[in-house]
Amino acid sequence: MWLLLTMASLISVLGTTHGFFGKLNPESPEATMNISQMITYWGYPNEEYEVVTEDGYILEVNRIPYGKKNSGNTDAGYDVWLGNSRGNTWARRNLYYSPDSVEFWAFSFDEMAKYDLPATIDFIVNKTGQKQLHYVGHSQGTTIGFIAFSTNPSLAKRIKTFYALAPVATVKYTKSLINKLRFVPEFLFKIIFGNKMFFPHNFFDQFLATEVCSRQTLNLLCSNALFIICGFDSKNFNTSRLDVYVSHNPAGTSVQNMLHWSQAVKSGKFQAYDWGSPVQNRMHYNQSQPPYYNVTAMTVPIAVWSGGEDLLADPQDVGLLLPKLSNLIYHKEIPFYNHLDFIWAMDAPQEVYNEIVSMISEDEK
């Protein structure tokens with residue numbers, strides 16, 4: 001990462017006219033678009049809504065109500081909803097707290113599962129009149145699904161099938177950079193990262209996307225920096241879209257959320273956030289230790305796709321998870337997939353998406 005920062009600084013000093021780092025590729029218009037603009041850019045209908053959680057967070061939610069017109073047989077045409085979790089670029093408002101306040105950022109994936117996912121699902125059900133939905137989650141999206149559907153039975157009844165991509169529960173064996181955070185004492189963690197936003201998407205990210213990563217000879221350098229946490233599959237990655245990915249990722253989360261993941265690496269357990277003392281834990285949980293999440297209690301039918309080269313959702317952790325899923329209906333390990341291949345790999349439609357659509361179609365008969 002320091003090498004990347006140095007290179008970016010050099011470009012800033014030398015300017016963009018010297019051509020020292022290669023020809024500047026045309027910037028994709030999607031690099032500066034919001035979600036609604038990107039959806040319509042690709043010819044899909046878009047609707048945008050605001051979901052307000054029980055504790056006041058305002059989440060932007062996008063809907064693609066049907067497929068492209070005149071798309072023939074290449075478009076499945078389902079009613080697709082895209083949710084957001086508090087703290088990211090599209091969910092950074094609250095009825096009571098400013099995002100400049102510490103209070104706004106006092107959350108982790110616990111609250112995403114307790115408030116964000118239920119509020120979003122309730123909104124969709126009320127809007128569409130559908131009794132059940134199909135839930136597709138990737139990475140932390142699976143984490144909050146595991147928690148919500150195992151602790152909230154009424155919510156679980158609204159899910160017909162859970163499709164989990166690169167599932168994350170325990171992170172005991174993770175080889176990701178997140179593994180290194182466990183060596184940082186919690187008091188030092190907050191000194192280093194503060195107590196608000198972690199990894200914000202800001203002007204520097206935009207600069208990397210438009211001035212650095214769009215230069216042909218620096219594509220691999222940017223890729224390595226972007227994917228250092230999750231791994232990088234150069235053979236299965238469309239480098240022409242690198243400026244789009246860097247422009248929108250990472251989208252930001254709270255320091256508390258990252259501290260929660262650090263705690264999970266240390267403990268090797270799937271449990272709620274540890275507030276730091278028995279007294280504080282009792283205030284939040286009525287017990288001195290954070291409660292464990294019992295994935296076995298989740299009865300929602302679940303299909304899982306995992307990667308053999310996944311640094312974050314390590315195959316050993318996935319191996320521990322699978323026997324606990326009481327209603328596992330399908331599992332596919334893709335030996336050469338890493339964590340981000342499930343959303344960005346060029347062959348993801350063939351390896352994953354087409355199977356999901358087929359399963360949904362079969363389920364709806």
# chains A, B, ... in the order shown; residues from 1 in each chain; ligands from 1
call {"tool": "residues_around", "arguments": {"residues": "Trp90 (chain A)", "least_positions_apart": "4", "cutoff": "9 Å", "atoms": "only C-alpha atoms", "output": "ChimeraX atom specification"}}
result
/A:34-35,58-61,84-86,251
call {"tool": "write_last_selection", "arguments": {"atoms": "all heavy atoms", "output": "short mmCIF file (atom, residue, chain, number, x, y, z; two decimals), in the first residue's frame"}}
result
data_model
loop_
_atom_site.label_atom_id
_atom_site.label_comp_id
_atom_site.auth_asym_id
_atom_site.auth_seq_id
_atom_site.Cartn_x
_atom_site.Cartn_y
_atom_site.Cartn_z
N ASN A 34 -23.92 7.16 -9.61
CA ASN A 34 -24.49 6.52 -8.43
C ASN A 34 -25.17 5.22 -8.87
O ASN A 34 -25.14 4.85 -10.05
CB ASN A 34 -25.47 7.44 -7.70
CG ASN A 34 -26.64 7.86 -8.57
OD1 ASN A 34 -27.06 7.14 -9.48
ND2 ASN A 34 -27.19 9.04 -8.31
N ILE A 35 -25.77 4.50 -7.93
CA ILE A 35 -26.34 3.19 -8.24
C ILE A 35 -27.46 3.28 -9.28
O ILE A 35 -27.49 2.52 -10.24
CB ILE A 35 -26.87 2.51 -6.96
CG1 ILE A 35 -25.72 2.28 -5.98
CG2 ILE A 35 -27.54 1.17 -7.30
CD1 ILE A 35 -26.16 1.78 -4.63
N ILE A 58 -31.02 5.67 7.72
CA ILE A 58 -31.72 5.79 6.45
C ILE A 58 -30.90 5.07 5.38
O ILE A 58 -29.78 5.47 5.08
CB ILE A 58 -31.92 7.27 6.06
CG1 ILE A 58 -32.70 8.00 7.16
CG2 ILE A 58 -32.64 7.39 4.72
CD1 ILE A 58 -32.74 9.51 6.99
N LEU A 59 -31.47 4.00 4.84
CA LEU A 59 -30.77 3.15 3.88
C LEU A 59 -31.36 3.36 2.49
O LEU A 59 -32.57 3.24 2.30
CB LEU A 59 -30.91 1.68 4.26
CG LEU A 59 -30.74 1.30 5.74
CD1 LEU A 59 -31.03 -0.19 5.94
CD2 LEU A 59 -29.33 1.64 6.22
N GLU A 60 -30.52 3.69 1.53
CA GLU A 60 -30.98 3.77 0.15
C GLU A 60 -31.10 2.35 -0.41
O GLU A 60 -30.20 1.54 -0.27
CB GLU A 60 -30.01 4.58 -0.70
CG GLU A 60 -30.01 6.07 -0.38
CD GLU A 60 -29.14 6.86 -1.34
OE1 GLU A 60 -28.84 6.34 -2.44
OE2 GLU A 60 -28.76 7.99 -1.00
N VAL A 61 -32.24 2.09 -1.03
CA VAL A 61 -32.50 0.77 -1.61
C VAL A 61 -32.93 0.95 -3.05
O VAL A 61 -33.75 1.81 -3.36
CB VAL A 61 -33.61 0.04 -0.81
CG1 VAL A 61 -34.00 -1.26 -1.50
CG2 VAL A 61 -33.15 -0.23 0.62
N ASN A 84 -28.66 -2.01 1.21
CA ASN A 84 -27.43 -1.41 1.73
C ASN A 84 -27.37 -1.55 3.24
O ASN A 84 -28.41 -1.63 3.90
CB ASN A 84 -27.34 0.07 1.36
CG ASN A 84 -26.88 0.28 -0.06
OD1 ASN A 84 -25.79 -0.12 -0.45
ND2 ASN A 84 -27.73 0.90 -0.87
N SER A 85 -26.16 -1.55 3.77
CA SER A 85 -25.96 -1.59 5.21
C SER A 85 -25.47 -0.23 5.70
O SER A 85 -24.75 0.47 4.98
CB SER A 85 -24.94 -2.67 5.59
OG SER A 85 -25.43 -3.96 5.29
N ARG A 86 -25.84 0.12 6.90
CA ARG A 86 -25.46 1.39 7.49
C ARG A 86 -23.97 1.66 7.39
O ARG A 86 -23.15 0.77 7.53
CB ARG A 86 -25.90 1.43 8.96
CG ARG A 86 -25.25 0.35 9.82
CD ARG A 86 -25.83 0.33 11.23
NE ARG A 86 -27.25 0.00 11.22
CZ ARG A 86 -28.08 0.24 12.22
NH1 ARG A 86 -27.62 0.78 13.34
NH2 ARG A 86 -29.35 -0.07 12.14
N ALA A 251 -16.54 1.00 0.17
CA ALA A 251 -17.62 1.97 0.36
C ALA A 251 -17.69 2.49 1.79
O ALA A 251 -18.50 3.35 2.09
CB ALA A 251 -18.96 1.33 -0.01
#
call {"tool": "residues_around", "arguments": {"residues": "Asp341 (chain A)", "least_positions_apart": "6", "cutoff": "8 Å", "atoms": "only C-alpha atoms", "output": "PyMOL selection string"}}
result
chain A and resi 233+236-237+348
call {"tool": "residues_around", "arguments": {"residues": "region 80-83 of chain A", "least_positions_apart": "5", "cutoff": "8 Å", "atoms": "only C-alpha atoms", "output": "number ranges by chain"}}
result
A: 59-66, 120, 124
call {"tool": "closest_residue", "arguments": {"among": "A:Met197, A:Ala272, A:Leu95, A:Ala164", "to": "Asp110 (chain A)", "atoms": "only C-alpha atoms"}}
result
A:Ala272
call {"tool": "residues_around", "arguments": {"residues": "Phe183 (chain A)", "least_positions_apart": "3", "cutoff": "9 Å", "atoms": "only C-alpha atoms", "output": "ChimeraX atom specification"}}
result
/A:179-180,262,266
call {"tool": "write_last_selection", "arguments": {"atoms": "N, CA, C and O atoms", "output": "PDB file, in the first residue's frame"}}
result
ATOM      1  N   ASN A 179      -6.583 -10.684   9.232  1.00  0.00           N
ATOM      2  CA  ASN A 179      -5.932 -11.555  10.210  1.00  0.00           C
ATOM      3  C   ASN A 179      -4.880 -10.791  11.005  1.00  0.00           C
ATOM      4  O   ASN A 179      -4.669 -11.060  12.195  1.00  0.00           O
ATOM      5  N   LYS A 180      -4.232  -9.834  10.362  1.00  0.00           N
ATOM      6  CA  LYS A 180      -3.160  -9.080  11.025  1.00  0.00           C
ATOM      7  C   LYS A 180      -3.707  -8.104  12.060  1.00  0.00           C
ATOM      8  O   LYS A 180      -2.996  -7.704  12.988  1.00  0.00           O
ATOM      9  N   SER A 262     -11.997  -8.144  14.038  1.00  0.00           N
ATOM     10  CA  SER A 262     -10.724  -8.443  14.689  1.00  0.00           C
ATOM     11  C   SER A 262     -10.944  -9.345  15.902  1.00  0.00           C
ATOM     12  O   SER A 262     -10.189 -10.300  16.135  1.00  0.00           O
ATOM     13  N   LYS A 266      -9.560 -13.301  16.631  1.00  0.00           N
ATOM     14  CA  LYS A 266      -8.894 -13.693  17.875  1.00  0.00           C
ATOM     15  C   LYS A 266      -9.599 -14.867  18.548  1.00  0.00           C
ATOM     16  O   LYS A 266      -8.966 -15.817  19.009  1.00  0.00           O
TER      17      LYS A 266
END
call {"tool": "select_by_dssp", "arguments": {"residues": "region 109-335 of chain A", "states": "strand (DSSP E)", "output": "PyMOL selection string"}}
result
chain A and resi 133-138+159-165+197-198+253-254+302-307+328-334
call {"tool": "closest_residue", "arguments": {"among": "A:Gln287, A:Tyr78, A:Trp344, A:Lys69", "to": "Val244 (chain A)", "atoms": "only C-alpha atoms"}}
result
A:Trp344
call {"tool": "residues_around", "arguments": {"residues": "Tyr57 (chain A)", "least_positions_apart": "5", "cutoff": "8 Å", "atoms": "only C-alpha atoms", "output": "VMD selection string"}}
result
chain A and resid 52 86 91 to 95
call {"tool": "atom_distance", "arguments": {"atom1": "CA of Glu355 (chain A)", "atom2": "CA of Ala76 (chain A)"}}
result
12.1 Å
call {"tool": "atom_distance", "arguments": {"atom1": "CA of His284 (chain A)", "atom2": "CA of Val300 (chain A)"}}
result
27.3 Å
call {"tool": "atom_distance", "arguments": {"atom1": "CA of Met346 (chain A)", "atom2": "CA of Leu165 (chain A)"}}
result
15.7 Å
call {"tool": "select_by_dssp", "arguments": {"residues": "region 110-167 of chain A", "states": "helix (DSSP H, G or I)", "output": "number ranges by chain"}}
result
A: 110-128, 140-151, 153-156
call {"tool": "write_last_selection", "arguments": {"atoms": "N, CA, C and O atoms", "output": "compact mmCIF listing (two decimals), in the first residue's frame"}}
result
# COMPACT_ATOMS: atom_id res chain seq x y z
N ASP A 110 -23.57 -6.66 13.96
CA ASP A 110 -24.69 -6.99 14.86
C ASP A 110 -25.93 -6.17 14.52
O ASP A 110 -27.04 -6.70 14.36
N GLU A 111 -25.73 -4.85 14.43
CA GLU A 111 -26.85 -3.95 14.16
C GLU A 111 -27.36 -4.07 12.72
O GLU A 111 -28.54 -3.87 12.46
N MET A 112 -26.47 -4.40 11.80
CA MET A 112 -26.90 -4.62 10.42
C MET A 112 -27.89 -5.78 10.36
O MET A 112 -28.86 -5.75 9.61
N ALA A 113 -27.60 -6.81 11.16
CA ALA A 113 -28.47 -7.99 11.19
C ALA A 113 -29.74 -7.73 12.00
O ALA A 113 -30.82 -8.22 11.65
N LYS A 114 -29.62 -6.97 13.06
CA LYS A 114 -30.76 -6.72 13.95
C LYS A 114 -31.73 -5.70 13.39
O LYS A 114 -32.95 -5.82 13.59
N TYR A 115 -31.20 -4.68 12.70
CA TYR A 115 -32.05 -3.59 12.23
C TYR A 115 -32.12 -3.44 10.71
O TYR A 115 -33.21 -3.32 10.15
N ASP A 116 -30.97 -3.41 10.04
CA ASP A 116 -30.95 -3.08 8.61
C ASP A 116 -31.64 -4.12 7.75
O ASP A 116 -32.50 -3.78 6.92
N LEU A 117 -31.26 -5.39 7.92
CA LEU A 117 -31.84 -6.43 7.09
C LEU A 117 -33.34 -6.61 7.34
O LEU A 117 -34.13 -6.66 6.38
N PRO A 118 -33.80 -6.66 8.60
CA PRO A 118 -35.25 -6.77 8.83
C PRO A 118 -36.03 -5.59 8.26
O PRO A 118 -37.10 -5.79 7.67
N ALA A 119 -35.51 -4.37 8.42
CA ALA A 119 -36.21 -3.19 7.91
C ALA A 119 -36.33 -3.25 6.39
O ALA A 119 -37.38 -2.92 5.82
N THR A 120 -35.26 -3.69 5.74
CA THR A 120 -35.27 -3.77 4.28
C THR A 120 -36.23 -4.84 3.79
O THR A 120 -37.01 -4.62 2.86
N ILE A 121 -36.18 -6.01 4.41
CA ILE A 121 -37.06 -7.09 3.99
C ILE A 121 -38.52 -6.73 4.26
O ILE A 121 -39.40 -6.98 3.41
N ASP A 122 -38.80 -6.12 5.40
CA ASP A 122 -40.17 -5.68 5.70
C ASP A 122 -40.67 -4.68 4.66
O ASP A 122 -41.83 -4.75 4.22
N PHE A 123 -39.80 -3.77 4.28
CA PHE A 123 -40.17 -2.76 3.29
C PHE A 123 -40.51 -3.42 1.95
O PHE A 123 -41.53 -3.09 1.32
N ILE A 124 -39.68 -4.36 1.53
CA ILE A 124 -39.90 -5.04 0.24
C ILE A 124 -41.19 -5.84 0.26
O ILE A 124 -42.00 -5.80 -0.69
N VAL A 125 -41.42 -6.56 1.34
CA VAL A 125 -42.63 -7.37 1.46
C VAL A 125 -43.88 -6.49 1.42
O VAL A 125 -44.87 -6.81 0.74
N ASN A 126 -43.83 -5.38 2.15
CA ASN A 126 -44.97 -4.48 2.17
C ASN A 126 -45.21 -3.81 0.81
O ASN A 126 -46.35 -3.56 0.41
N LYS A 127 -44.11 -3.52 0.12
CA LYS A 127 -44.22 -2.84 -1.17
C LYS A 127 -44.72 -3.77 -2.26
O LYS A 127 -45.53 -3.38 -3.11
N THR A 128 -44.27 -5.01 -2.25
CA THR A 128 -44.59 -5.94 -3.34
C THR A 128 -45.79 -6.83 -3.05
O THR A 128 -46.40 -7.36 -3.98
N GLN A 140 -20.02 -10.34 3.93
CA GLN A 140 -20.73 -9.87 5.12
C GLN A 140 -22.23 -9.92 4.93
O GLN A 140 -22.99 -10.00 5.90
N GLY A 141 -22.68 -9.90 3.66
CA GLY A 141 -24.11 -10.07 3.40
C GLY A 141 -24.60 -11.43 3.83
O GLY A 141 -25.77 -11.60 4.20
N THR A 142 -23.71 -12.43 3.80
CA THR A 142 -24.10 -13.75 4.33
C THR A 142 -24.04 -13.74 5.86
O THR A 142 -24.87 -14.36 6.51
N THR A 143 -23.08 -13.02 6.41
CA THR A 143 -22.93 -12.95 7.87
C THR A 143 -24.20 -12.43 8.52
O THR A 143 -24.72 -13.02 9.47
N ILE A 144 -24.70 -11.30 8.00
CA ILE A 144 -25.91 -10.72 8.60
C ILE A 144 -27.12 -11.59 8.33
O ILE A 144 -28.07 -11.62 9.12
N GLY A 145 -27.09 -12.35 7.22
CA GLY A 145 -28.17 -13.29 6.97
C GLY A 145 -28.17 -14.42 7.98
O GLY A 145 -29.22 -14.79 8.51
N PHE A 146 -26.99 -14.98 8.26
CA PHE A 146 -26.88 -16.05 9.26
C PHE A 146 -27.42 -15.58 10.61
O PHE A 146 -28.13 -16.32 11.30
N ILE A 147 -27.05 -14.37 11.00
CA ILE A 147 -27.48 -13.85 12.31
C ILE A 147 -28.98 -13.59 12.32
O ILE A 147 -29.71 -14.05 13.21
N ALA A 148 -29.45 -12.85 11.33
CA ALA A 148 -30.86 -12.45 11.31
C ALA A 148 -31.80 -13.64 11.21
O ALA A 148 -32.81 -13.72 11.92
N PHE A 149 -31.46 -14.60 10.35
CA PHE A 149 -32.38 -15.72 10.12
C PHE A 149 -32.31 -16.78 11.21
O PHE A 149 -33.19 -17.64 11.30
N SER A 150 -31.27 -16.72 12.06
CA SER A 150 -31.19 -17.68 13.17
C SER A 150 -31.72 -17.10 14.47
O SER A 150 -32.03 -17.84 15.40
N THR A 151 -31.84 -15.77 14.55
CA THR A 151 -32.30 -15.12 15.78
C THR A 151 -33.69 -14.51 15.65
O THR A 151 -34.31 -14.16 16.65
N PRO A 153 -37.07 -15.58 14.03
CA PRO A 153 -37.88 -16.59 13.34
C PRO A 153 -38.93 -16.01 12.40
O PRO A 153 -39.18 -16.57 11.33
N SER A 154 -39.57 -14.91 12.81
CA SER A 154 -40.59 -14.32 11.94
C SER A 154 -40.00 -13.78 10.66
O SER A 154 -40.62 -13.84 9.59
N LEU A 155 -38.79 -13.25 10.74
CA LEU A 155 -38.10 -12.78 9.54
C LEU A 155 -37.70 -13.96 8.67
O LEU A 155 -37.83 -13.92 7.44
N ALA A 156 -37.21 -15.01 9.30
CA ALA A 156 -36.77 -16.20 8.56
C ALA A 156 -37.91 -16.80 7.73
O ALA A 156 -37.68 -17.33 6.63
call {"tool": "closest_residue", "arguments": {"among": "A:Ala303, A:Gly137, A:Pro167, A:Ser108", "to": "Phe198 (chain A)", "atoms": "only C-alpha atoms"}}
result
A:Ser108
call {"tool": "decode", "arguments": {"residues": "region 126-138 of chain A", "atoms": "all heavy atoms", "output": "PDB file, in the first residue's frame"}}
result
ATOM      1  N   ASN A 126     -43.826  -5.384   2.146  1.00  0.00           N
ATOM      2  CA  ASN A 126     -44.970  -4.477   2.170  1.00  0.00           C
ATOM      3  C   ASN A 126     -45.206  -3.807   0.814  1.00  0.00           C
ATOM      4  O   ASN A 126     -46.345  -3.557   0.413  1.00  0.00           O
ATOM      5  CB  ASN A 126     -44.777  -3.407   3.247  1.00  0.00           C
ATOM      6  CG  ASN A 126     -44.843  -3.977   4.646  1.00  0.00           C
ATOM      7  OD1 ASN A 126     -45.506  -4.993   4.887  1.00  0.00           O
ATOM      8  ND2 ASN A 126     -44.159  -3.343   5.588  1.00  0.00           N
ATOM      9  N   LYS A 127     -44.115  -3.521   0.125  1.00  0.00           N
ATOM     10  CA  LYS A 127     -44.217  -2.841  -1.168  1.00  0.00           C
ATOM     11  C   LYS A 127     -44.716  -3.772  -2.256  1.00  0.00           C
ATOM     12  O   LYS A 127     -45.527  -3.379  -3.109  1.00  0.00           O
ATOM     13  CB  LYS A 127     -42.837  -2.279  -1.556  1.00  0.00           C
ATOM     14  CG  LYS A 127     -42.826  -1.466  -2.843  1.00  0.00           C
ATOM     15  CD  LYS A 127     -43.529  -0.129  -2.674  1.00  0.00           C
ATOM     16  CE  LYS A 127     -43.437   0.704  -3.929  1.00  0.00           C
ATOM     17  NZ  LYS A 127     -44.134   2.002  -3.773  1.00  0.00           N
ATOM     18  N   THR A 128     -44.266  -5.007  -2.248  1.00  0.00           N
ATOM     19  CA  THR A 128     -44.592  -5.938  -3.337  1.00  0.00           C
ATOM     20  C   THR A 128     -45.786  -6.827  -3.051  1.00  0.00           C
ATOM     21  O   THR A 128     -46.400  -7.355  -3.975  1.00  0.00           O
ATOM     22  CB  THR A 128     -43.380  -6.843  -3.638  1.00  0.00           C
ATOM     23  OG1 THR A 128     -43.099  -7.645  -2.481  1.00  0.00           O
ATOM     24  CG2 THR A 128     -42.161  -6.012  -3.999  1.00  0.00           C
ATOM     25  N   GLY A 129     -46.093  -7.020  -1.762  1.00  0.00           N
ATOM     26  CA  GLY A 129     -47.163  -7.938  -1.405  1.00  0.00           C
ATOM     27  C   GLY A 129     -46.745  -9.397  -1.451  1.00  0.00           C
ATOM     28  O   GLY A 129     -47.562 -10.297  -1.224  1.00  0.00           O
ATOM     29  N   GLN A 130     -45.461  -9.636  -1.739  1.00  0.00           N
ATOM     30  CA  GLN A 130     -44.956 -11.005  -1.755  1.00  0.00           C
ATOM     31  C   GLN A 130     -44.827 -11.539  -0.326  1.00  0.00           C
ATOM     32  O   GLN A 130     -44.395 -10.818   0.568  1.00  0.00           O
ATOM     33  CB  GLN A 130     -43.592 -11.062  -2.436  1.00  0.00           C
ATOM     34  CG  GLN A 130     -43.611 -10.723  -3.911  1.00  0.00           C
ATOM     35  CD  GLN A 130     -44.305 -11.790  -4.744  1.00  0.00           C
ATOM     36  OE1 GLN A 130     -44.193 -12.983  -4.461  1.00  0.00           O
ATOM     37  NE2 GLN A 130     -45.022 -11.359  -5.763  1.00  0.00           N
ATOM     38  N   LYS A 131     -45.153 -12.804  -0.148  1.00  0.00           N
ATOM     39  CA  LYS A 131     -45.049 -13.392   1.180  1.00  0.00           C
ATOM     40  C   LYS A 131     -43.625 -13.846   1.498  1.00  0.00           C
ATOM     41  O   LYS A 131     -43.210 -13.844   2.652  1.00  0.00           O
ATOM     42  CB  LYS A 131     -46.016 -14.584   1.300  1.00  0.00           C
ATOM     43  CG  LYS A 131     -47.490 -14.187   1.260  1.00  0.00           C
ATOM     44  CD  LYS A 131     -48.378 -15.404   1.425  1.00  0.00           C
ATOM     45  CE  LYS A 131     -49.845 -14.994   1.412  1.00  0.00           C
ATOM     46  NZ  LYS A 131     -50.749 -16.164   1.581  1.00  0.00           N
ATOM     47  N   GLN A 132     -42.889 -14.259   0.450  1.00  0.00           N
ATOM     48  CA  GLN A 132     -41.521 -14.735   0.647  1.00  0.00           C
ATOM     49  C   GLN A 132     -40.587 -14.182  -0.426  1.00  0.00           C
ATOM     50  O   GLN A 132     -41.007 -13.914  -1.555  1.00  0.00           O
ATOM     51  CB  GLN A 132     -41.469 -16.266   0.626  1.00  0.00           C
ATOM     52  CG  GLN A 132     -42.057 -16.935   1.857  1.00  0.00           C
ATOM     53  CD  GLN A 132     -41.792 -18.425   1.853  1.00  0.00           C
ATOM     54  OE1 GLN A 132     -42.109 -19.126   0.893  1.00  0.00           O
ATOM     55  NE2 GLN A 132     -41.198 -18.929   2.922  1.00  0.00           N
ATOM     56  N   LEU A 133     -39.328 -14.036  -0.053  1.00  0.00           N
ATOM     57  CA  LEU A 133     -38.309 -13.523  -0.953  1.00  0.00           C
ATOM     58  C   LEU A 133     -37.154 -14.522  -1.057  1.00  0.00           C
ATOM     59  O   LEU A 133     -36.938 -15.332  -0.159  1.00  0.00           O
ATOM     60  CB  LEU A 133     -37.748 -12.192  -0.433  1.00  0.00           C
ATOM     61  CG  LEU A 133     -38.738 -11.100  -0.035  1.00  0.00           C
ATOM     62  CD1 LEU A 133     -37.978  -9.922   0.559  1.00  0.00           C
ATOM     63  CD2 LEU A 133     -39.563 -10.660  -1.226  1.00  0.00           C
ATOM     64  N   HIS A 134     -36.397 -14.425  -2.136  1.00  0.00           N
ATOM     65  CA  HIS A 134     -35.128 -15.140  -2.262  1.00  0.00           C
ATOM     66  C   HIS A 134     -34.029 -14.161  -1.864  1.00  0.00           C
ATOM     67  O   HIS A 134     -33.978 -13.030  -2.365  1.00  0.00           O
ATOM     68  CB  HIS A 134     -34.913 -15.617  -3.698  1.00  0.00           C
ATOM     69  CG  HIS A 134     -35.875 -16.675  -4.142  1.00  0.00           C
ATOM     70  ND1 HIS A 134     -35.653 -18.017  -3.937  1.00  0.00           N
ATOM     71  CD2 HIS A 134     -37.070 -16.590  -4.766  1.00  0.00           C
ATOM     72  CE1 HIS A 134     -36.654 -18.720  -4.432  1.00  0.00           C
ATOM     73  NE2 HIS A 134     -37.536 -17.871  -4.939  1.00  0.00           N
ATOM     74  N   TYR A 135     -33.151 -14.590  -0.956  1.00  0.00           N
ATOM     75  CA  TYR A 135     -32.092 -13.708  -0.455  1.00  0.00           C
ATOM     76  C   TYR A 135     -30.734 -14.159  -0.980  1.00  0.00           C
ATOM     77  O   TYR A 135     -30.325 -15.306  -0.764  1.00  0.00           O
ATOM     78  CB  TYR A 135     -32.078 -13.711   1.077  1.00  0.00           C
ATOM     79  CG  TYR A 135     -30.981 -12.857   1.687  1.00  0.00           C
ATOM     80  CD1 TYR A 135     -31.134 -11.479   1.785  1.00  0.00           C
ATOM     81  CD2 TYR A 135     -29.810 -13.432   2.170  1.00  0.00           C
ATOM     82  CE1 TYR A 135     -30.130 -10.682   2.344  1.00  0.00           C
ATOM     83  CE2 TYR A 135     -28.807 -12.659   2.733  1.00  0.00           C
ATOM     84  CZ  TYR A 135     -28.971 -11.282   2.817  1.00  0.00           C
ATOM     85  OH  TYR A 135     -27.975 -10.505   3.370  1.00  0.00           O
ATOM     86  N   VAL A 136     -30.034 -13.253  -1.673  1.00  0.00           N
ATOM     87  CA  VAL A 136     -28.683 -13.535  -2.163  1.00  0.00           C
ATOM     88  C   VAL A 136     -27.720 -12.626  -1.410  1.00  0.00           C
ATOM     89  O   VAL A 136     -27.860 -11.403  -1.439  1.00  0.00           O
ATOM     90  CB  VAL A 136     -28.565 -13.277  -3.675  1.00  0.00           C
ATOM     91  CG1 VAL A 136     -27.153 -13.625  -4.161  1.00  0.00           C
ATOM     92  CG2 VAL A 136     -29.612 -14.070  -4.443  1.00  0.00           C
ATOM     93  N   GLY A 137     -26.747 -13.220  -0.735  1.00  0.00           N
ATOM     94  CA  GLY A 137     -25.778 -12.444   0.028  1.00  0.00           C
ATOM     95  C   GLY A 137     -24.366 -12.850  -0.321  1.00  0.00           C
ATOM     96  O   GLY A 137     -24.103 -14.014  -0.639  1.00  0.00           O
ATOM     97  N   HIS A 138     -23.453 -11.879  -0.267  1.00  0.00           N
ATOM     98  CA  HIS A 138     -22.033 -12.144  -0.494  1.00  0.00           C
ATOM     99  C   HIS A 138     -21.242 -11.649   0.706  1.00  0.00           C
ATOM    100  O   HIS A 138     -21.500 -10.556   1.217  1.00  0.00           O
ATOM    101  CB  HIS A 138     -21.550 -11.435  -1.765  1.00  0.00           C
ATOM    102  CG  HIS A 138     -20.058 -11.471  -1.950  1.00  0.00           C
ATOM    103  ND1 HIS A 138     -19.252 -10.379  -1.683  1.00  0.00           N
ATOM    104  CD2 HIS A 138     -19.217 -12.466  -2.344  1.00  0.00           C
ATOM    105  CE1 HIS A 138     -17.991 -10.694  -1.922  1.00  0.00           C
ATOM    106  NE2 HIS A 138     -17.942 -11.955  -2.323  1.00  0.00           N
TER     107      HIS A 138
END
